[in-house]
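The structure appears below as structure tokens.
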Amino acid sequence: MTPHLSITDQPIAVADALAAVQTDAAGAVNAFIGTVRNQSGGRPVRRLHYESYDSMTLTQLGHVVAQAYEKWPMLQEVAVVHRKGTLELGDVAVVVAVATPHRAESFAACQFIIDTLKQVVTIWKREEYEDGTEWVAAHP
Amino acid sequence: MSLKVALFGITRDIVGTSVIELPAPAPATVGELLAEMRKQYPALGELRSCAVAVNNEYAAHDHPLRTVDEIALIPPVAGG
């Protein structure tokens with residue numbers, strides 16, 4: 001049940017992440033797919049640039065998934081793939097996929113992983129607008 | 001003892017390089033490093049937060065720093 005964790009500068013193949021968590025012991029596969037939206041706080045966004053501190057990102061992702069396994073011991077397989085580099089509108093930025101015996105835990109574990117990932121994983125997002133760029137959440 | 005500090009995201013933009021070397025006598029702890037960096041680059045103090053990572057883990061202010069450590073400034077993250 002080693003989790004499948006990766007950071008990639010290539011387009012994410014969602015089907016591959018789903019296949020990675022497939023197991024006969026699970027009756028539920030739940031996935032969160034984060035995509036690039038065309039606006040941020042009402043301001044039109046043209047594209048995104050993600051930067052990752054890869055070694056720490058993978059270390060912290062490992063901690064997040066380990067916490068999920070502690071909270072949901074029935075959790076079977078986990079895959080997390082995060083994109084970095086330049087992403088266009090509609091591109092997949094992140095996929096979290098989990099497999100559990102029953103569906104309730106699959107929703108809970110998937111939400112925990114994406115919510116916690118956003119707090120601790122060392123990835124930065126720079127939004128590109130018509131008239132410039134800005135690092136997201138950098139300033140109060 | 002000197003220290004190398006990796007910079008990402010907005011901290012790299014503020015400092016203007018992806019790695020900064022602090023000459024001896026370098027800060028001995030995470031807290032001293034943050035104070036020194038904010039003194040040299042006041043814009044770092046305007047960020048919502050700025051953590052320090054030591055060997056890929058978030059480190060508390062009293063965490064000691066060694067030359068062999070992999071040290072990085074961690075501005076507010078925005079993954080997902």
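Ordering of the structure tokens sets the chain letters (A, B, ...), residue numbers begin anew at 1 in every chain, and ligands are numbered from 1 in the order given.
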Mind dumping a table of every chain A residue within 6 Å of chain B, with the nearest atom pair and its distance in Å to one decimal, using only C-alpha atoms, sorted by chain and rising number, as a tab-separated table?
```
residue	atom	partner	partner_atom	distance
A:Met56	CA	B:Asn56	CA	4.4
A:Val94	CA	B:Gly80	CA	5.8
A:Lys118	CA	B:Gly79	CA	5.1
A:Thr122	CA	B:Val77	CA	5.8
A:Ile123	CA	B:Gly79	CA	4.8
A:Trp124	CA	B:Ala78	CA	4.9
A:Lys125	CA	B:Ala78	CA	5.6
A:Ala138	CA	B:Pro76	CA	5.4
A:His139	CA	B:Arg48	CA	4.7
A:Pro140	CA	B:Arg48	CA	4.8
```
Review point. Hey, what's within 12 Å of Ala31 of chain A if we count only C-alpha atoms and toss same-chain stuff fewer than 3 positions away? As a ChimeraX atom specification, please?
Key: /A:14-22,28,34,77-81,94-100,103,106-114
Review point. Chain B: which residues are helix (DSSP H, G or I) by DSSP, as a list in words?
Key: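 Matching residues, listed in order: Gly9, Ile10, Thr11, Arg12, Asp13, Ile14, Val15, Val30, Gly31, Glu32, Leu33, Leu34, Ala35, Glu36, Met37, Arg38, Lys39, Gln40, Pro42, Ala43, Leu44, Gly45 and Glu46 of chain B.
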Point to revise | DSSP strand (DSSP E or B) selection over chain B, as a list in words | key: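 Those residues are Leu3, Lys4, Val5, Ala6, Val19, Ile20, Glu21, Leu22, Thr29, Ala51, Val52, Ala53, Val54, Glu57, Tyr58, Pro64, Ile71, Ala72, Leu73 and Ile74 of chain B.
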Can you write out the residues you just picked, keeping N, CA, C and O atoms, as a CSV table (one decimal), in the first residue's frame?
```csv
chain,number,residue,atom,x,y,z
B,3,LEU,N,26.1,29.7,5.9
B,3,LEU,CA,24.9,28.9,5.6
B,3,LEU,C,24.4,29.2,4.2
B,3,LEU,O,24.5,30.3,3.7
B,4,LYS,N,23.9,28.2,3.5
B,4,LYS,CA,23.2,28.4,2.2
B,4,LYS,C,21.7,28.3,2.5
B,4,LYS,O,21.3,27.3,3.1
B,5,VAL,N,21.0,29.2,1.9
B,5,VAL,CA,19.5,29.2,2.1
B,5,VAL,C,18.8,29.2,0.7
B,5,VAL,O,19.1,30.1,-0.1
B,6,ALA,N,18.0,28.2,0.5
B,6,ALA,CA,17.3,28.1,-0.8
B,6,ALA,C,16.0,29.0,-0.7
B,6,ALA,O,15.4,29.1,0.3
B,19,VAL,N,19.5,31.0,-4.4
B,19,VAL,CA,20.2,30.5,-3.2
B,19,VAL,C,21.0,31.7,-2.7
B,19,VAL,O,21.7,32.4,-3.5
B,20,ILE,N,21.0,31.9,-1.4
B,20,ILE,CA,21.8,33.0,-0.8
B,20,ILE,C,22.7,32.4,0.2
B,20,ILE,O,22.3,31.5,0.9
B,21,GLU,N,24.0,32.8,0.2
B,21,GLU,CA,24.9,32.3,1.1
B,21,GLU,C,25.2,33.4,2.2
B,21,GLU,O,25.5,34.5,1.9
B,22,LEU,N,24.9,33.0,3.5
B,22,LEU,CA,25.2,33.9,4.6
B,22,LEU,C,26.5,33.6,5.1
B,22,LEU,O,26.8,32.5,5.6
B,29,THR,N,20.3,29.8,14.7
B,29,THR,CA,18.9,29.2,14.8
B,29,THR,C,18.0,29.7,13.7
B,29,THR,O,18.3,30.7,13.1
B,51,ALA,N,8.0,30.7,6.8
B,51,ALA,CA,8.6,29.6,7.6
B,51,ALA,C,10.0,29.3,7.1
B,51,ALA,O,10.4,29.8,6.1
B,52,VAL,N,10.6,28.4,7.9
B,52,VAL,CA,11.9,27.9,7.5
B,52,VAL,C,11.9,26.4,7.5
B,52,VAL,O,11.3,25.8,8.5
B,53,ALA,N,12.4,25.8,6.5
B,53,ALA,CA,12.5,24.4,6.4
B,53,ALA,C,13.9,23.9,6.6
B,53,ALA,O,14.9,24.6,6.1
B,54,VAL,N,14.1,22.9,7.4
B,54,VAL,CA,15.5,22.3,7.6
B,54,VAL,C,15.4,20.9,7.2
B,54,VAL,O,14.6,20.1,7.8
B,57,GLU,N,11.8,19.6,6.4
B,57,GLU,CA,10.8,19.6,7.5
B,57,GLU,C,10.6,21.0,8.0
B,57,GLU,O,11.6,21.8,8.1
B,58,TYR,N,9.4,21.4,8.3
B,58,TYR,CA,9.2,22.7,9.0
B,58,TYR,C,9.9,22.8,10.3
B,58,TYR,O,9.9,21.8,11.0
B,64,PRO,N,18.3,24.6,15.8
B,64,PRO,CA,19.7,25.0,15.5
B,64,PRO,C,20.0,24.8,14.0
B,64,PRO,O,19.4,23.9,13.4
B,71,ILE,N,18.6,24.1,4.0
B,71,ILE,CA,17.8,25.2,4.6
B,71,ILE,C,17.0,25.9,3.5
B,71,ILE,O,17.6,26.2,2.4
B,72,ALA,N,15.8,26.2,3.8
B,72,ALA,CA,15.0,27.0,2.8
B,72,ALA,C,14.0,27.9,3.5
B,72,ALA,O,13.5,27.5,4.5
B,73,LEU,N,13.7,29.0,2.9
B,73,LEU,CA,12.6,29.9,3.3
B,73,LEU,C,11.4,29.4,2.6
B,73,LEU,O,11.4,29.1,1.4
B,74,ILE,N,10.3,29.3,3.4
B,74,ILE,CA,9.0,28.9,2.9
B,74,ILE,C,7.9,29.9,3.0
B,74,ILE,O,7.3,30.1,4.1
```
